[in-house]
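Everything below belongs to model34.cif, which stores mmCIF, C-alpha atoms.
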data_final
#
loop_
_atom_site.label_atom_id
_atom_site.label_comp_id
_atom_site.auth_asym_id
_atom_site.auth_seq_id
_atom_site.Cartn_x
_atom_site.Cartn_y
_atom_site.Cartn_z
CA MET Q 13 1.32 -13.80 -29.70
CA ILE Q 14 -0.45 -14.01 -26.37
CA ASN Q 15 -3.87 -15.58 -26.36
CA PRO Q 16 -6.39 -12.67 -26.34
CA TRP Q 17 -8.51 -14.60 -23.88
CA VAL Q 18 -5.75 -14.29 -21.28
CA ILE Q 19 -5.51 -10.52 -21.73
CA ASP Q 20 -9.29 -10.17 -21.50
CA ALA Q 21 -9.40 -12.24 -18.31
CA ALA Q 22 -6.63 -10.14 -16.78
CA TYR Q 23 -8.44 -6.92 -17.70
CA LEU Q 24 -11.65 -8.30 -16.20
CA MET Q 25 -9.99 -9.23 -12.91
CA LEU Q 26 -8.16 -5.90 -12.66
CA THR Q 27 -11.39 -4.00 -13.36
CA ALA Q 28 -13.22 -5.95 -10.66
CA ALA Q 29 -10.35 -5.20 -8.27
CA LEU Q 30 -10.52 -1.51 -9.18
CA ILE Q 31 -14.27 -1.42 -8.47
CA LEU Q 32 -13.87 -3.12 -5.08
CA ALA Q 33 -11.04 -0.77 -4.09
CA PHE Q 34 -13.17 2.18 -5.16
CA VAL Q 35 -16.02 0.97 -2.95
CA ARG Q 36 -13.64 0.97 0.02
CA LEU Q 37 -12.36 4.40 -1.02
CA ALA Q 38 -15.90 5.77 -1.09
CA LYS Q 39 -17.24 4.30 2.15
CA GLY Q 40 -14.07 3.73 4.22
CA PRO Q 41 -14.99 4.66 7.77
CA SER Q 42 -11.78 6.59 8.50
CA LEU Q 43 -9.29 8.62 6.49
CA PRO Q 44 -6.39 6.09 6.80
CA ASP Q 45 -8.69 3.45 5.27
CA ARG Q 46 -9.20 5.71 2.28
CA VAL Q 47 -5.45 6.28 1.96
CA VAL Q 48 -4.85 2.52 1.92
CA ALA Q 49 -7.53 2.10 -0.75
CA LEU Q 50 -5.97 4.91 -2.80
CA GLU Q 51 -2.58 3.18 -2.69
CA LEU Q 52 -4.16 -0.07 -3.84
CA VAL Q 53 -5.89 1.79 -6.70
CA ALA Q 54 -2.52 3.16 -7.82
CA SER Q 55 -0.89 -0.27 -7.83
CA ILE Q 56 -3.87 -1.83 -9.67
CA VAL Q 57 -3.64 0.87 -12.34
CA ALA Q 58 0.11 0.18 -12.65
CA GLY Q 59 -0.74 -3.48 -13.26
CA MET Q 60 -3.35 -2.44 -15.82
CA VAL Q 61 -0.75 -0.32 -17.63
CA GLY Q 62 1.57 -3.33 -17.76
CA THR Q 63 -1.21 -5.51 -19.18
CA HIS Q 64 -1.98 -2.84 -21.77
CA ALA Q 65 1.71 -2.69 -22.73
CA ILE Q 66 1.67 -6.45 -23.37
CA ASP Q 67 -1.64 -6.13 -25.23
CA THR Q 68 -0.58 -3.36 -27.63
CA GLY Q 69 3.15 -4.09 -27.79
CA VAL Q 70 4.06 -0.47 -26.99
CA ALA Q 71 6.82 -0.48 -24.37
CA ALA Q 72 6.57 3.27 -23.75
CA PHE Q 73 3.56 2.65 -21.48
CA LEU Q 74 5.95 1.41 -18.80
CA ASP Q 75 7.07 4.98 -18.10
CA ILE Q 76 3.52 5.70 -16.93
CA ALA Q 77 3.73 2.80 -14.50
CA ILE Q 78 7.01 4.16 -13.10
CA VAL Q 79 5.50 7.61 -12.54
CA LEU Q 80 2.35 6.11 -11.00
CA ALA Q 81 4.30 4.05 -8.49
CA LEU Q 82 6.42 7.08 -7.55
CA MET Q 83 3.45 9.40 -7.11
CA ALA Q 84 1.51 6.84 -5.05
CA PHE Q 85 4.42 6.54 -2.61
CA LEU Q 86 4.75 10.31 -2.27
CA ALA Q 87 0.99 10.68 -1.76
CA ALA Q 88 1.00 8.04 0.96
CA ILE Q 89 3.87 9.76 2.80
CA GLY Q 90 2.15 13.13 2.47
CA PHE Q 91 -1.17 11.84 3.77
CA ALA Q 92 0.54 10.14 6.71
CA ARG Q 93 2.38 13.35 7.65
CA PHE Q 94 -0.88 15.27 7.39
CA LEU Q 95 -2.68 12.76 9.62
CA GLU Q 96 0.03 12.67 12.29
CA ARG Q 97 0.16 16.44 12.47
CA GLY Q 98 -3.58 16.71 12.92
CA GLY Q 99 -3.60 14.66 16.11
CA PRO Q 100 -6.45 12.38 17.21
CA ARG Q 101 -9.54 12.71 15.07
CA ASP Q 102 -12.98 11.18 15.02
CA ASP Q 103 -14.42 10.58 11.57
CA MET S 93 6.38 -21.62 -24.82
CA ILE S 94 7.11 -18.06 -23.72
CA GLU S 95 3.42 -17.21 -24.26
CA VAL S 96 2.41 -19.78 -21.67
CA ILE S 97 4.82 -18.33 -19.10
CA VAL S 98 3.69 -14.76 -19.82
CA SER S 99 0.03 -15.82 -19.55
CA PHE S 100 0.73 -17.53 -16.25
CA PHE S 101 2.43 -14.44 -14.79
CA VAL S 102 -0.26 -12.05 -16.05
CA LEU S 103 -3.12 -14.17 -14.73
CA SER S 104 -1.51 -14.81 -11.35
CA GLY S 105 -0.65 -11.12 -10.94
CA ALA S 106 -4.19 -10.05 -11.81
CA SER S 107 -5.74 -12.60 -9.48
CA LEU S 108 -3.46 -11.44 -6.65
CA MET S 109 -4.69 -7.89 -7.24
CA LEU S 110 -8.28 -9.15 -7.13
CA LEU S 111 -7.46 -10.96 -3.89
CA ALA S 112 -6.00 -7.77 -2.43
CA SER S 113 -9.12 -5.77 -3.20
CA ILE S 114 -11.41 -8.50 -1.86
CA GLY S 115 -9.33 -8.40 1.31
CA ILE S 116 -9.53 -4.63 1.53
CA ILE S 117 -13.32 -4.75 1.35
CA ARG S 118 -13.96 -7.77 3.57
CA LEU S 119 -11.52 -7.39 6.45
CA PRO S 120 -12.68 -5.61 9.60
CA ASP S 121 -10.17 -2.87 10.49
CA LEU S 122 -7.26 -0.75 9.25
CA PRO S 123 -4.23 -2.99 10.07
CA THR S 124 -5.86 -6.11 8.61
CA ARG S 125 -6.88 -4.21 5.48
CA MET S 126 -3.32 -2.98 5.11
CA HIS S 127 -2.09 -6.53 5.57
CA ALA S 128 -4.24 -7.59 2.62
CA SER S 129 -3.54 -4.72 0.27
CA THR S 130 0.18 -4.07 0.78
CA LYS S 131 1.64 -7.51 0.32
CA SER S 132 -0.52 -8.98 -2.41
CA GLY S 133 -0.79 -5.63 -4.20
CA ALA S 134 3.00 -5.32 -4.42
CA LEU S 135 3.42 -8.94 -5.46
CA GLY S 136 0.69 -8.61 -8.12
CA THR S 137 2.33 -5.58 -9.70
CA SER S 138 5.73 -7.30 -9.59
CA LEU S 139 4.37 -10.43 -11.33
CA ILE S 140 2.75 -8.36 -14.09
CA MET S 141 6.02 -6.48 -14.60
CA ILE S 142 7.89 -9.81 -14.86
CA ALA S 143 5.35 -10.79 -17.52
CA VAL S 144 6.02 -7.53 -19.39
CA ALA S 145 9.78 -8.18 -19.32
CA LEU S 146 9.28 -11.71 -20.63
CA ALA S 147 6.80 -10.64 -23.31
CA PHE S 148 9.11 -8.03 -24.85
CA LEU S 149 12.51 -9.65 -24.20
CA GLU S 150 14.40 -6.42 -24.86
CA THR S 151 17.08 -4.94 -22.62
CA VAL S 152 15.41 -1.54 -22.29
CA VAL S 153 12.04 -2.98 -21.32
CA THR S 154 13.59 -5.45 -18.89
CA ALA S 155 15.55 -2.66 -17.21
CA ARG S 156 12.41 -0.58 -16.81
CA ALA S 157 10.43 -3.53 -15.46
CA LEU S 158 13.17 -4.32 -12.95
CA ALA S 159 13.26 -0.66 -11.93
CA ILE S 160 9.50 -0.70 -11.27
CA ILE S 161 9.74 -3.96 -9.30
CA SER S 162 12.61 -2.78 -7.11
CA PHE S 163 10.93 0.56 -6.51
CA ILE S 164 7.67 -1.09 -5.46
CA ILE S 165 9.43 -3.57 -3.19
CA LEU S 166 11.40 -0.74 -1.57
CA THR S 167 8.54 1.70 -1.08
CA SER S 168 5.47 -0.35 -0.27
CA PRO S 169 6.65 -1.50 3.22
CA VAL S 170 7.71 2.06 4.05
CA ALA S 171 4.34 3.48 3.00
CA ALA S 172 2.45 0.79 4.89
CA HIS S 173 4.50 1.41 8.02
CA VAL S 174 3.94 5.15 7.87
CA ILE S 175 0.19 4.88 7.26
CA GLY S 176 -0.26 2.25 9.95
CA ARG S 177 1.64 4.39 12.45
CA ALA S 178 -0.41 7.46 11.56
CA GLY S 179 -3.63 5.45 11.79
CA TYR S 180 -2.74 4.18 15.25
CA PHE S 181 -1.83 7.64 16.51
CA VAL S 182 -4.95 9.19 15.00
CA GLY S 183 -7.05 6.73 16.99
CA VAL S 184 -8.59 4.45 14.39
CA PRO S 185 -10.54 1.83 16.36
CA LEU S 186 -9.23 -1.72 16.24
CA TRP S 187 -11.37 -4.76 15.58
CA ASP S 188 -13.24 -6.27 18.57
CA GLY S 189 -11.46 -9.58 18.10
CA THR S 190 -7.97 -8.06 18.29
CA VAL S 191 -5.80 -10.39 20.37
CA LYS S 192 -2.70 -8.25 20.95
CA ASP S 193 -2.05 -4.52 20.91
CA ALA S 194 1.66 -4.18 21.66
CA LEU S 195 1.65 -0.38 21.60
CA LYS S 196 -1.17 0.03 24.10
CA ASP S 197 1.06 0.15 27.21
CA ASN S 198 3.87 2.09 25.53
CA TYR S 199 2.01 4.94 23.88
CA ASN S 200 0.67 7.95 25.71
CA PRO S 201 -1.94 9.70 23.54
CA ASP S 202 -1.88 12.87 25.65
CA THR S 203 1.84 13.59 25.39
CA HIS S 204 2.27 11.74 22.07
CA PHE S 205 5.19 9.87 23.63
CA LEU S 206 6.02 6.38 22.40
CA SER S 207 8.40 4.40 24.62
CA SER S 208 10.29 1.40 23.35
CA GLY S 209 9.34 -0.84 26.26
CA TYR S 210 12.99 -1.51 27.11
CA GLU S 211 13.70 1.58 29.22
CA THR S 212 15.31 1.17 32.65
CA GLN S 213 13.22 1.93 35.70
CA GLY S 214 11.99 5.50 36.05
CA GLU S 215 12.95 6.60 32.59
CA PRO S 216 9.46 6.38 31.05
CA LYS S 217 8.21 8.90 33.59
CA LYS S 218 10.50 11.64 32.29
CA PRO S 219 8.18 12.91 29.58
CA ALA S 220 5.24 12.84 32.00
CA GLU S 221 7.07 15.20 34.37
CA ASN S 222 7.58 17.88 31.76
CA PRO S 223 4.95 17.28 29.11
CA ALA S 224 5.29 20.77 27.66
CA PRO S 225 8.38 20.19 25.43
CA GLY S 226 7.03 16.83 24.33
CA SER S 227 3.73 18.23 23.16
CA GLU S 228 5.18 21.39 21.66
CA GLU S 229 8.34 20.17 19.99
CA GLY S 230 7.05 16.68 19.18
CA PRO S 231 5.79 15.68 15.75
CA LYS S 232 3.88 18.96 15.55
CA GLY S 233 7.12 20.97 15.70
CA LYS S 234 7.98 20.60 12.05
#

Would you write the structure of this file as structure tokens?
Amino acid sequence: MINPWVIDAAYLMLTAALILAFVRLAKGPSLPDRVVALELVASIVAGMVGTHAIDTGVAAFLDIAIVLALMAFLAAIGFARFLERGGPRDD
Amino acid sequence: MIEVIVSFFVLSGASLMLLASIGIIRLPDLPTRMHASTKSGALGTSLIMIAVALAFLETVVTARALAIISFIILTSPVAAHVIGRAGYFVGVPLWDGTVKDALKDNYNPDTHFLSSGYETQGEPKKPAENPAPGSEEGPKGK
């Protein structure tokens, strides 16, 4: 079995990454910055789901990671379309 | 032995994710932040999925992990390109220390016309002569 210390360290690093990405999401000066932070949050959560699947030994968690990656891509495309339609903005 | 390899992949994937988020919070403007988050974020997720495939060593799990990896590697450059393009058109300010802005001479913010830079003489002026169809039927058309 995997050393629990390794799993704990991975959780710790992913949580720190999630917090930093959330800080950028909250204070990002412009809307595209927030979209980039949101995409990073989705991929960090997918990594967390993978770590949790290794931790618990339940392979069904991988389906969640698939759906997360798909939804993050669609959200990014949607936000980009929305931004380009809106024209120049000042926020 | 397999535990050591799985631990290595999990730890390196998690530290790449941490690196991506440090980059996203420390770097000065949108393109540099995207440079940090897109590449190392995608690689971090891929490494963790490789670790999942090695930890389970079942065909079903390996197929799913490979599906996630290929999907991420296919979509993350597309998403980064689309967001970076939208950010440039929206007018996100670049960093003061930016050395090169290759789109600056080719993009007209008023008509929303982006030339390739390889047109023959006189061709780039076409959209300036009749800006009405460009601004009406451009990206706002659909």

Quick one: residues within 8 Å of Q:Leu52, only C-alpha atoms, excluding same-chain residues fewer than 5 positions away - as a VMD selection string?
(chain Q and resid 33) or (chain S and resid 113 129 to 130 133)

Neighbouring residues of stretch 46-51 of chain Q were defined as those with any atom within 9 Å, considering only C-alpha atoms; residues of the same chain fewer than 5 positions away were excluded. Please report them as number ranges by chain. Q: 33-41, 56, 84-85, 87-88, 91-92; S: 113, 116, 122, 125-126, 129-130, 171-172, 175

Now that the selection is made, can you save its residues with C-alpha atoms as a short mmCIF file (atom, residue, chain, number, x, y, z; two decimals), keeping the file's coordinate frame?
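Output saved as again.cif:
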data_model
loop_
_atom_site.label_atom_id
_atom_site.label_comp_id
_atom_site.auth_asym_id
_atom_site.auth_seq_id
_atom_site.Cartn_x
_atom_site.Cartn_y
_atom_site.Cartn_z
CA ALA Q 33 -11.04 -0.77 -4.09
CA PHE Q 34 -13.17 2.18 -5.16
CA VAL Q 35 -16.02 0.97 -2.95
CA ARG Q 36 -13.64 0.97 0.02
CA LEU Q 37 -12.36 4.40 -1.02
CA ALA Q 38 -15.90 5.77 -1.09
CA LYS Q 39 -17.24 4.30 2.15
CA GLY Q 40 -14.07 3.73 4.22
CA PRO Q 41 -14.99 4.66 7.77
CA ILE Q 56 -3.87 -1.83 -9.67
CA ALA Q 84 1.51 6.84 -5.05
CA PHE Q 85 4.42 6.54 -2.61
CA ALA Q 87 0.99 10.68 -1.76
CA ALA Q 88 1.00 8.04 0.96
CA PHE Q 91 -1.17 11.84 3.77
CA ALA Q 92 0.54 10.14 6.71
CA SER S 113 -9.12 -5.77 -3.20
CA ILE S 116 -9.53 -4.63 1.53
CA LEU S 122 -7.26 -0.75 9.25
CA ARG S 125 -6.88 -4.21 5.48
CA MET S 126 -3.32 -2.98 5.11
CA SER S 129 -3.54 -4.72 0.27
CA THR S 130 0.18 -4.07 0.78
CA ALA S 171 4.34 3.48 3.00
CA ALA S 172 2.45 0.79 4.89
CA ILE S 175 0.19 4.88 7.26
#

Using all atoms listed in the file, the shortest atom-to-atom distance to S:Phe163 among Q:Ile19, Q:Leu95, Q:Val57, Q:Ala77 belongs to Q:Ala77

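Among the candidates Q:Asp67, Q:Leu30, Q:Leu24, Q:Pro100, the residue lying nearest to chain S is Q:Pro100 (atoms considered: all atoms listed in the file).
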
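Put simply, atom CA of Q:Ile89 is 6.9 Å away from atom CA of S:Val174.
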
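For the residues Q:Ala81, Q:Leu86, Q:Gly62, Q:Phe73, ranking by smallest atom-to-atom distance to S:Met141 using only C-alpha atoms places Q:Gly62 first.
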
The residue from S:Leu149, S:Ile140, S:Ala155, S:Val191 with the smallest atom-to-atom distance to chain Q, counting only C-alpha atoms, is S:Ile140

Between atom CA of S:His204 and atom CA of Q:Asp102 lies a distance of 16.8 Å

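Residue nearest Q:Asp75, chosen from S:Ile142, S:Val96, S:Leu186, S:Val152 and counting all atoms listed in the file: S:Val152.
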
Practice task
Might you pull out every residue within 8 Å of Q:Ile76, with all atoms listed in the file counted and same-chain residues fewer than 3 positions away left off, and present them as JSON, numbers by chain?
Solution key: {"Q": [58, 61, 72, 73, 79, 80]}

Model the absent atoms of stretch 118-141 of chain S so that N, CA and C atoms are present, and write the result as a short mmCIF file (atom, residue, chain, number, x, y, z; two decimals), keeping the file's coordinate frame.
data_model
loop_
_atom_site.label_atom_id
_atom_site.label_comp_id
_atom_site.auth_asym_id
_atom_site.auth_seq_id
_atom_site.Cartn_x
_atom_site.Cartn_y
_atom_site.Cartn_z
N ARG S 118 -13.33 -6.82 2.65
CA ARG S 118 -13.96 -7.77 3.57
C ARG S 118 -13.40 -7.71 4.98
N LEU S 119 -12.15 -7.30 5.13
CA LEU S 119 -11.52 -7.39 6.45
C LEU S 119 -11.99 -6.26 7.36
N PRO S 120 -11.93 -6.48 8.69
CA PRO S 120 -12.68 -5.61 9.60
C PRO S 120 -12.04 -4.28 9.96
N ASP S 121 -10.71 -4.15 10.03
CA ASP S 121 -10.17 -2.87 10.49
C ASP S 121 -8.90 -2.49 9.73
N LEU S 122 -8.35 -1.32 10.06
CA LEU S 122 -7.26 -0.75 9.25
C LEU S 122 -6.03 -1.65 9.14
N PRO S 123 -5.44 -2.18 10.24
CA PRO S 123 -4.23 -2.99 10.07
C PRO S 123 -4.46 -4.26 9.24
N THR S 124 -5.63 -4.90 9.41
CA THR S 124 -5.86 -6.11 8.61
C THR S 124 -6.07 -5.75 7.14
N ARG S 125 -6.71 -4.62 6.88
CA ARG S 125 -6.88 -4.21 5.48
C ARG S 125 -5.53 -3.90 4.86
N MET S 126 -4.65 -3.26 5.64
CA MET S 126 -3.32 -2.98 5.11
C MET S 126 -2.55 -4.25 4.85
N HIS S 127 -2.74 -5.23 5.75
CA HIS S 127 -2.09 -6.53 5.57
C HIS S 127 -2.51 -7.16 4.26
N ALA S 128 -3.79 -7.01 3.89
CA ALA S 128 -4.24 -7.59 2.62
C ALA S 128 -3.70 -6.82 1.43
N SER S 129 -3.80 -5.48 1.50
CA SER S 129 -3.54 -4.72 0.27
C SER S 129 -2.04 -4.56 -0.01
N THR S 130 -1.22 -4.39 1.03
CA THR S 130 0.18 -4.07 0.78
C THR S 130 0.92 -5.23 0.14
N LYS S 131 0.81 -6.40 0.78
CA LYS S 131 1.64 -7.51 0.32
C LYS S 131 1.18 -8.05 -1.02
N SER S 132 -0.12 -8.37 -1.13
CA SER S 132 -0.52 -8.98 -2.41
C SER S 132 -0.59 -7.94 -3.51
N GLY S 133 -0.84 -6.66 -3.16
CA GLY S 133 -0.79 -5.63 -4.20
C GLY S 133 0.60 -5.49 -4.80
N ALA S 134 1.62 -5.45 -3.92
CA ALA S 134 3.00 -5.32 -4.42
C ALA S 134 3.41 -6.55 -5.23
N LEU S 135 3.04 -7.73 -4.73
CA LEU S 135 3.42 -8.94 -5.46
C LEU S 135 2.70 -9.02 -6.81
N GLY S 136 1.42 -8.58 -6.85
CA GLY S 136 0.69 -8.61 -8.12
C GLY S 136 1.33 -7.71 -9.16
N THR S 137 1.67 -6.48 -8.75
CA THR S 137 2.33 -5.58 -9.70
C THR S 137 3.66 -6.15 -10.16
N SER S 138 4.43 -6.74 -9.21
CA SER S 138 5.73 -7.30 -9.59
C SER S 138 5.56 -8.44 -10.60
N LEU S 139 4.56 -9.31 -10.39
CA LEU S 139 4.37 -10.43 -11.33
C LEU S 139 3.99 -9.92 -12.71
N ILE S 140 3.13 -8.89 -12.77
CA ILE S 140 2.75 -8.36 -14.09
C ILE S 140 3.96 -7.73 -14.77
N MET S 141 4.83 -7.08 -13.98
CA MET S 141 6.02 -6.48 -14.60
C MET S 141 6.99 -7.56 -15.08
#
